[in-house]
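One structure is given below, encoded as structure tokens.
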Amino acid sequence: QVQVVESGGGLVQPGGSLRLSCAASGSIFSLNFMGWYRQAPGKGRELVARINSRGVTNYVDSAKGRFTISGDLAKRTVYLQMNSLKPEDTALYYCNADVGTRYYWGQGTQVTVSS
């Protein structure tokens with residue numbers, strides 16, 4: 001059994017910052033990627049950023065230059081530092097653990113950017 005737990009969401013004003021944290025635990029033999037997805041009301045889930053076991057990162061274009069993903073897949077942890085937040089970043093953010101044969105998801109943490 002695998003558990004993925006996120007934390008760190010909240011309400012922030014435009015231009016502010018938040019840091020999301022995620023930890024995976026349980027029967028994980030190896031991880032290909034850990035990453036962050038988000039889903040805004042009425043929209044599909046989209047990849048925000050991910051990192052692999054060698055530290056290689058990918059970002060959605062809208063996050064480049066503002067968000068930074070970091071983590072240690074050997075420790076099953078990943079973080080997302082979000083700066084210069086915009087109202088359009090408002091969404092439920094999910095942590096994802098990709099073990100190759102399937103994805104595991106956290107329960108989501110709400111990020112709301114509003115004045």
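In the structure tokens, chains take the letters A, B, ... in the order shown, each chain's residues start at 1, and ligands count up from 1 in the order shown.
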
DSSP on the backbone: which residues in stretch 23-114 of chain A end up as strand (DSSP E)? Give the answer as a VMD selection string.
chain A and resid 23 to 26 33 to 39 46 to 52 57 to 59 67 to 72 77 to 82 91 to 98 103 to 105 109 to 113

Selection above as a file: C-alpha atoms, as a compact mmCIF listing (two decimals), in the first residue's frame:
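And here's again-v5.txt as it stands now:
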# COMPACT_ATOMS: atom_id res chain seq x y z
CA ALA A 23 5.87 12.71 1.07
CA ALA A 24 5.24 9.23 -0.29
CA SER A 25 5.42 6.12 1.84
CA GLY A 26 4.66 2.43 1.68
CA PHE A 33 9.11 10.77 -11.11
CA MET A 34 7.43 12.73 -8.40
CA GLY A 35 5.51 15.78 -9.39
CA TRP A 36 2.72 18.28 -8.92
CA TYR A 37 -0.49 18.53 -10.89
CA ARG A 38 -3.33 20.97 -10.45
CA GLN A 39 -7.00 21.14 -11.30
CA GLU A 46 -2.61 19.49 -15.72
CA LEU A 47 1.03 18.81 -14.95
CA VAL A 48 2.68 21.75 -13.18
CA ALA A 49 6.17 20.36 -12.56
CA ARG A 50 7.93 17.05 -12.03
CA ILE A 51 11.35 15.78 -11.07
CA ASN A 52 13.05 12.45 -11.74
CA THR A 57 12.88 18.78 -13.94
CA ASN A 58 10.00 19.67 -16.26
CA TYR A 59 7.60 22.59 -15.94
CA PHE A 67 7.81 27.88 -9.54
CA THR A 68 10.67 25.63 -8.48
CA ILE A 69 10.35 21.91 -7.85
CA SER A 70 12.87 20.16 -5.64
CA GLY A 71 13.09 16.91 -3.80
CA ASP A 72 14.86 13.67 -3.09
CA THR A 77 9.87 13.72 -0.84
CA VAL A 78 9.14 16.57 -3.22
CA TYR A 79 8.48 20.29 -2.77
CA LEU A 80 7.06 23.06 -4.91
CA GLN A 81 8.11 26.63 -4.20
CA MET A 82 5.62 28.97 -5.84
CA ALA A 91 -6.52 25.25 -8.06
CA LEU A 92 -6.42 22.02 -6.12
CA TYR A 93 -2.80 20.86 -6.25
CA TYR A 94 -2.09 17.13 -6.24
CA CYS A 95 1.17 15.37 -5.58
CA ASN A 96 1.93 12.42 -7.84
CA ALA A 97 4.28 9.47 -7.47
CA ASP A 98 5.07 7.62 -10.71
CA TYR A 103 0.52 6.64 -10.57
CA TYR A 104 -0.28 7.27 -6.92
CA TRP A 105 -2.04 10.47 -5.93
CA THR A 109 -4.16 20.73 -1.20
CA GLN A 110 -6.06 23.89 -2.11
CA VAL A 111 -4.17 26.96 -3.31
CA THR A 112 -6.23 30.14 -3.60
CA VAL A 113 -4.71 33.36 -4.93

Using only C-alpha atoms, the best pick from A:Ser53, A:Ser62, A:Thr101, A:Gln13 as closest to A:Arg76 would be A:Ser53

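Nearest to A:Ala63 of all the residues A:Gly106, A:Pro14, A:Glu88, A:Arg45 is A:Glu88, based on only C-alpha atoms.
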
Tell me which of A:Phe29, A:Lys64, A:Leu18, A:Leu73 sits closest to A:Thr90, counting only C-alpha atoms.
A:Leu18

Distance in Å - atom CA of A:Leu11 versus atom CA of A:Asp89
11.3 Å

At what distance in Å, to one decimal, does atom CA of A:Val99 lie from atom CA of A:Ala74?
12.4 Å

Restricting the calculation to only C-alpha atoms: of A:Asn83, A:Ser27, A:Asn32, A:Ser114, which residue gets closest to A:Gln3?
A:Ser27
